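Next up, final.tsv (TSV, C-alpha atoms):
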```tsv
chain	number	residue	atom	x	y	z
A	1	MET	CA	-22.41	-32.15	32.43
A	2	PRO	CA	-20.28	-32.89	29.36
A	3	GLY	CA	-21.22	-35.99	27.41
A	4	THR	CA	-24.73	-36.34	28.84
A	5	SER	CA	-26.62	-34.39	26.15
A	6	LYS	CA	-28.47	-36.40	23.50
A	7	GLU	CA	-28.30	-33.53	20.99
A	8	ALA	CA	-26.31	-34.24	17.84
A	9	LEU	CA	-23.29	-32.12	17.09
A	10	PRO	CA	-23.43	-30.02	13.91
A	11	ASP	CA	-22.06	-31.65	10.78
A	12	ILE	CA	-18.79	-29.83	10.12
A	13	ARG	CA	-17.04	-30.70	6.87
A	14	HIS	CA	-13.57	-30.09	5.56
A	15	GLY	CA	-13.49	-28.38	2.17
A	16	ARG	CA	-11.06	-30.00	-0.26
A	17	HIS	CA	-11.56	-27.81	-3.29
A	18	PHE	CA	-13.73	-25.05	-4.61
A	19	ALA	CA	-15.38	-24.56	-7.97
A	20	VAL	CA	-15.89	-21.07	-9.32
A	21	GLN	CA	-18.59	-20.52	-11.91
A	22	ILE	CA	-18.96	-17.34	-13.93
A	23	PRO	CA	-21.70	-17.94	-16.50
A	24	GLY	CA	-20.70	-14.90	-18.58
A	25	LEU	CA	-17.13	-16.19	-19.11
A	26	LYS	CA	-15.92	-19.32	-20.86
A	27	LEU	CA	-13.96	-20.68	-17.93
A	28	LYS	CA	-12.27	-24.01	-18.67
A	29	VAL	CA	-10.45	-24.49	-15.36
A	30	GLY	CA	-12.53	-23.24	-12.45
A	31	TYR	CA	-11.12	-25.09	-9.43
A	32	TYR	CA	-9.28	-23.20	-6.74
A	33	THR	CA	-7.20	-24.17	-3.73
A	34	GLN	CA	-7.80	-21.03	-1.69
A	35	ILE	CA	-10.48	-18.35	-1.65
A	36	THR	CA	-10.21	-15.55	0.89
A	37	GLY	CA	-12.08	-12.40	1.83
A	38	PHE	CA	-15.58	-13.70	2.56
A	39	SER	CA	-16.74	-10.81	4.72
A	40	ALA	CA	-19.53	-8.34	5.28
A	41	GLN	CA	-19.43	-5.55	7.82
A	42	LEU	CA	-22.25	-3.38	9.06
A	43	ASP	CA	-21.32	0.30	9.18
A	44	VAL	CA	-22.53	2.14	12.26
A	45	LEU	CA	-23.47	5.83	12.37
A	46	GLU	CA	-22.72	7.48	15.68
A	47	TYR	CA	-25.26	10.21	16.46
A	48	PRO	CA	-24.71	12.34	19.57
A	49	GLU	CA	-27.98	13.68	20.90
A	50	GLY	CA	-27.87	17.31	22.05
A	51	GLY	CA	-28.05	17.72	25.82
A	52	VAL	CA	-27.43	14.03	26.53
A	53	ASN	CA	-23.74	13.59	27.28
A	54	ASP	CA	-23.59	10.12	28.85
A	55	TYR	CA	-24.02	8.10	25.63
A	56	VAL	CA	-24.07	8.31	21.83
A	57	HIS	CA	-26.77	6.72	19.67
A	58	ARG	CA	-25.29	4.05	17.39
A	59	LEU	CA	-27.44	3.32	14.36
A	60	PRO	CA	-26.89	0.60	11.74
A	61	THR	CA	-26.48	1.95	8.21
A	62	ARG	CA	-25.03	-0.04	5.29
A	63	ILE	CA	-23.36	-3.38	4.81
A	64	LYS	CA	-19.86	-3.07	3.39
A	65	GLN	CA	-18.79	-6.11	1.36
A	66	GLY	CA	-15.14	-7.22	1.36
A	67	ASN	CA	-13.35	-8.20	-1.84
A	68	ILE	CA	-12.77	-11.91	-2.40
A	69	THR	CA	-9.52	-13.36	-3.71
A	70	LEU	CA	-9.36	-16.51	-5.83
A	71	LYS	CA	-6.05	-18.40	-5.75
A	72	ARG	CA	-5.05	-21.38	-7.90
A	73	GLY	CA	-2.10	-23.01	-9.59
A	74	VAL	CA	-0.99	-21.46	-12.87
A	75	THR	CA	-2.74	-23.08	-15.84
A	76	GLY	CA	-3.03	-22.40	-19.57
A	77	GLU	CA	-6.54	-20.99	-19.08
A	78	ARG	CA	-6.59	-17.21	-19.64
A	79	ALA	CA	-10.27	-16.19	-19.31
A	80	LEU	CA	-9.83	-14.61	-15.87
A	81	TYR	CA	-6.81	-12.56	-16.93
A	82	ALA	CA	-8.66	-11.41	-20.06
A	83	TRP	CA	-11.61	-10.39	-17.85
A	84	PHE	CA	-9.23	-8.39	-15.65
A	85	LYS	CA	-7.68	-6.60	-18.67
A	86	GLU	CA	-11.13	-5.85	-20.07
A	87	THR	CA	-12.11	-4.20	-16.76
A	88	VAL	CA	-9.42	-1.54	-17.26
A	89	VAL	CA	-11.28	-0.23	-20.32
A	90	LYS	CA	-14.86	-1.07	-19.35
A	91	ALA	CA	-15.98	-3.00	-16.29
A	92	ASN	CA	-17.88	-6.14	-17.24
A	93	PRO	CA	-19.67	-7.17	-14.01
A	94	GLN	CA	-20.63	-10.84	-13.87
A	95	ASP	CA	-22.53	-12.93	-11.38
A	96	LEU	CA	-20.15	-15.38	-9.77
A	97	SER	CA	-20.63	-18.40	-7.53
A	98	VAL	CA	-18.22	-20.38	-5.37
A	99	THR	CA	-19.14	-23.95	-4.45
A	100	MET	CA	-17.24	-25.78	-1.72
A	101	PHE	CA	-16.89	-29.56	-2.06
A	102	ASP	CA	-16.21	-31.86	0.87
A	103	SER	CA	-13.56	-34.60	0.97
A	104	LEU	CA	-15.91	-36.98	-0.88
A	105	GLY	CA	-16.47	-34.52	-3.75
A	106	VAL	CA	-20.03	-33.69	-2.68
A	107	PRO	CA	-21.14	-30.02	-3.00
A	108	HIS	CA	-21.59	-28.57	0.48
A	109	THR	CA	-22.10	-24.78	0.39
A	110	THR	CA	-22.45	-22.20	-2.39
A	111	TRP	CA	-21.74	-18.49	-2.10
A	112	ALA	CA	-23.23	-16.29	-4.83
A	113	PHE	CA	-21.85	-12.83	-5.62
A	114	ARG	CA	-23.71	-10.20	-7.65
A	115	ASN	CA	-22.10	-7.87	-10.18
A	116	ALA	CA	-18.55	-9.06	-9.55
A	117	TYR	CA	-15.54	-7.66	-11.41
A	118	PRO	CA	-11.78	-8.08	-10.98
A	119	THR	CA	-9.69	-5.39	-9.31
A	120	LYS	CA	-6.24	-7.04	-9.05
A	121	TRP	CA	-4.38	-9.96	-10.66
A	122	THR	CA	-1.22	-11.36	-9.03
A	123	SER	CA	1.17	-14.20	-9.83
A	124	THR	CA	3.99	-15.68	-7.76
A	125	ASP	CA	7.55	-14.63	-8.41
A	126	LEU	CA	9.59	-16.90	-10.66
A	127	ASN	CA	12.48	-18.62	-8.90
A	128	ALA	CA	14.48	-21.28	-10.76
A	129	GLY	CA	15.82	-22.65	-7.45
A	130	GLY	CA	12.42	-22.78	-5.75
A	131	THR	CA	10.28	-25.84	-5.15
A	132	GLU	CA	6.88	-24.21	-4.65
A	133	PHE	CA	4.00	-24.39	-7.11
A	134	LEU	CA	3.36	-21.37	-9.28
A	135	THR	CA	0.11	-19.69	-8.35
A	136	GLU	CA	-2.02	-16.84	-9.57
A	137	SER	CA	-4.70	-14.92	-7.73
A	138	LEU	CA	-7.50	-12.61	-8.74
A	139	GLU	CA	-9.07	-10.10	-6.36
A	140	ILE	CA	-12.73	-9.41	-7.08
A	141	ALA	CA	-15.10	-6.68	-5.90
A	142	HIS	CA	-18.83	-7.40	-5.81
A	143	ALA	CA	-22.19	-5.86	-4.94
A	144	GLY	CA	-23.42	-8.44	-2.45
A	145	MET	CA	-23.09	-12.00	-1.19
A	146	LYS	CA	-25.74	-14.66	-0.67
A	147	VAL	CA	-25.04	-18.01	1.05
A	148	GLN	CA	-27.00	-20.97	-0.32
```

As structure tokens, how would this structure be written, given the file I've shared?
Amino acid sequence: MPGTSKEALPDIRHGRHFAVQIPGLKLKVGYYTQITGFSAQLDVLEYPEGGVNDYVHRLPTRIKQGNITLKRGVTGERALYAWFKETVVKANPQDLSVTMFDSLGVPHTTWAFRNAYPTKWTSTDLNAGGTEFLTESLEIAHAGMKVQ
């Protein structure tokens, strides 16, 4: 019956902002308003067994990591763009962490990414008649995610 359980509900928090830390870069402004692409997918190998036609064996293989995208307002800080340009000549993988803060400014959850490097940099279009904030985003590939 609803409402009769004495168990506490899980503490769900609303993230207000996110701090990105990349120890190998001198990042002055590391706060972001949107970070997307947190995903991991298990690939499945389908293996049909000879003589058995009513099913196919499905075996887990590798975890495929999705790229993450960092989005923030345009600032004077250029370390991320420089990192992106450097990757064109020679990839410079860095460990990267994203920390979510709750509405009180208290750190809540941290995601750590190994060997991350940028794959795409995007900025909003310029429109003199527009009222939206200018934003930039950086898409990043990585070799694995750990939630702390």

With all atoms listed in the file as the counted atoms, please give the residues lying no more than 8 Å from A:Gly144, apart from itself and same-chain residues fewer than 2 positions off, as a PyMOL selection string. chain A and resi 65+113-115+142+146

If I put a ball of radius 7 Å at (-0.1, -24.2, -10.7) in the file's coordinates, which residues poke into it when counting only C-alpha atoms, written as a short mmCIF file (atom, residue, chain, number, x, y, z; two decimals) with C-alpha atoms, in the coordinates of the input?
```
data_model
loop_
_atom_site.label_atom_id
_atom_site.label_comp_id
_atom_site.auth_asym_id
_atom_site.auth_seq_id
_atom_site.Cartn_x
_atom_site.Cartn_y
_atom_site.Cartn_z
CA ARG A 72 -5.05 -21.38 -7.90
CA GLY A 73 -2.10 -23.01 -9.59
CA VAL A 74 -0.99 -21.46 -12.87
CA THR A 75 -2.74 -23.08 -15.84
CA PHE A 133 4.00 -24.39 -7.11
CA LEU A 134 3.36 -21.37 -9.28
CA THR A 135 0.11 -19.69 -8.35
#
```

How close does stretch 36-108 of chain A get to stretch 118-128 of chain A? List, as a Markdown table, each residue of stretch 36-108 of chain A within 12 Å, its nearest atom pair and the distance in Å to one decimal, counting only C-alpha atoms.
```
| residue | atom | partner | partner_atom | distance |
| --- | --- | --- | --- | --- |
| A:Asn67 | CA | A:Thr119 | CA | 8.8 |
| A:Ile68 | CA | A:Pro118 | CA | 9.4 |
| A:Thr69 | CA | A:Lys120 | CA | 8.9 |
| A:Leu70 | CA | A:Trp121 | CA | 9.5 |
| A:Lys71 | CA | A:Thr122 | CA | 9.1 |
| A:Arg72 | CA | A:Ser123 | CA | 9.7 |
| A:Gly73 | CA | A:Ser123 | CA | 9.4 |
| A:Val74 | CA | A:Ser123 | CA | 8.2 |
| A:Thr75 | CA | A:Ser123 | CA | 11.4 |
| A:Arg78 | CA | A:Trp121 | CA | 11.8 |
| A:Ala79 | CA | A:Pro118 | CA | 11.7 |
| A:Leu80 | CA | A:Pro118 | CA | 8.4 |
| A:Tyr81 | CA | A:Trp121 | CA | 7.2 |
| A:Ala82 | CA | A:Pro118 | CA | 10.2 |
| A:Trp83 | CA | A:Pro118 | CA | 7.2 |
| A:Phe84 | CA | A:Pro118 | CA | 5.3 |
| A:Lys85 | CA | A:Pro118 | CA | 8.8 |
| A:Glu86 | CA | A:Pro118 | CA | 9.4 |
| A:Thr87 | CA | A:Pro118 | CA | 7.0 |
| A:Val88 | CA | A:Thr119 | CA | 8.8 |
| A:Lys90 | CA | A:Pro118 | CA | 11.3 |
| A:Ala91 | CA | A:Pro118 | CA | 8.5 |
| A:Asn92 | CA | A:Pro118 | CA | 9.0 |
| A:Pro93 | CA | A:Pro118 | CA | 8.5 |
| A:Gln94 | CA | A:Pro118 | CA | 9.7 |
| A:Asp95 | CA | A:Pro118 | CA | 11.8 |
| A:Leu96 | CA | A:Pro118 | CA | 11.2 |
```

Selected residue of minimal separation from A:Tyr117 among A:Tyr31, A:Ile22, A:Gln148, A:Leu59, counting only C-alpha atoms: A:Ile22

In file coordinates, which residues lie within 12 Å of (-19.4, -4.1, 7.9) using only C-alpha atoms, given as a ChimeraX atom specification? /A:38-45,60-66,144

Atom CA of A:Val98 to atom CA of A:Val20 measures 4.6 Å

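For the atom pair formed by atom CA of A:Gly105 and atom CA of A:Glu77, the distance is 22.7 Å, given to one decimal.
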
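Take the candidates A:Leu25, A:Val106, A:Met100, A:Ala116 and check each one against A:Val147 using all atoms listed in the file; the shortest distance goes to A:Met100.
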
Padding of 5 Å on every side, edges along x, y and z, all listed atoms of stretch 30-37 of chain A included: what centre and edge lengths in Å, to one decimal, does that box have, as lines of an AutoDock Vina configuration file?
```
center_x = -9.9
center_y = -18.7
center_z = -5.3
size_x = 15.3
size_y = 22.7
size_z = 24.3
```
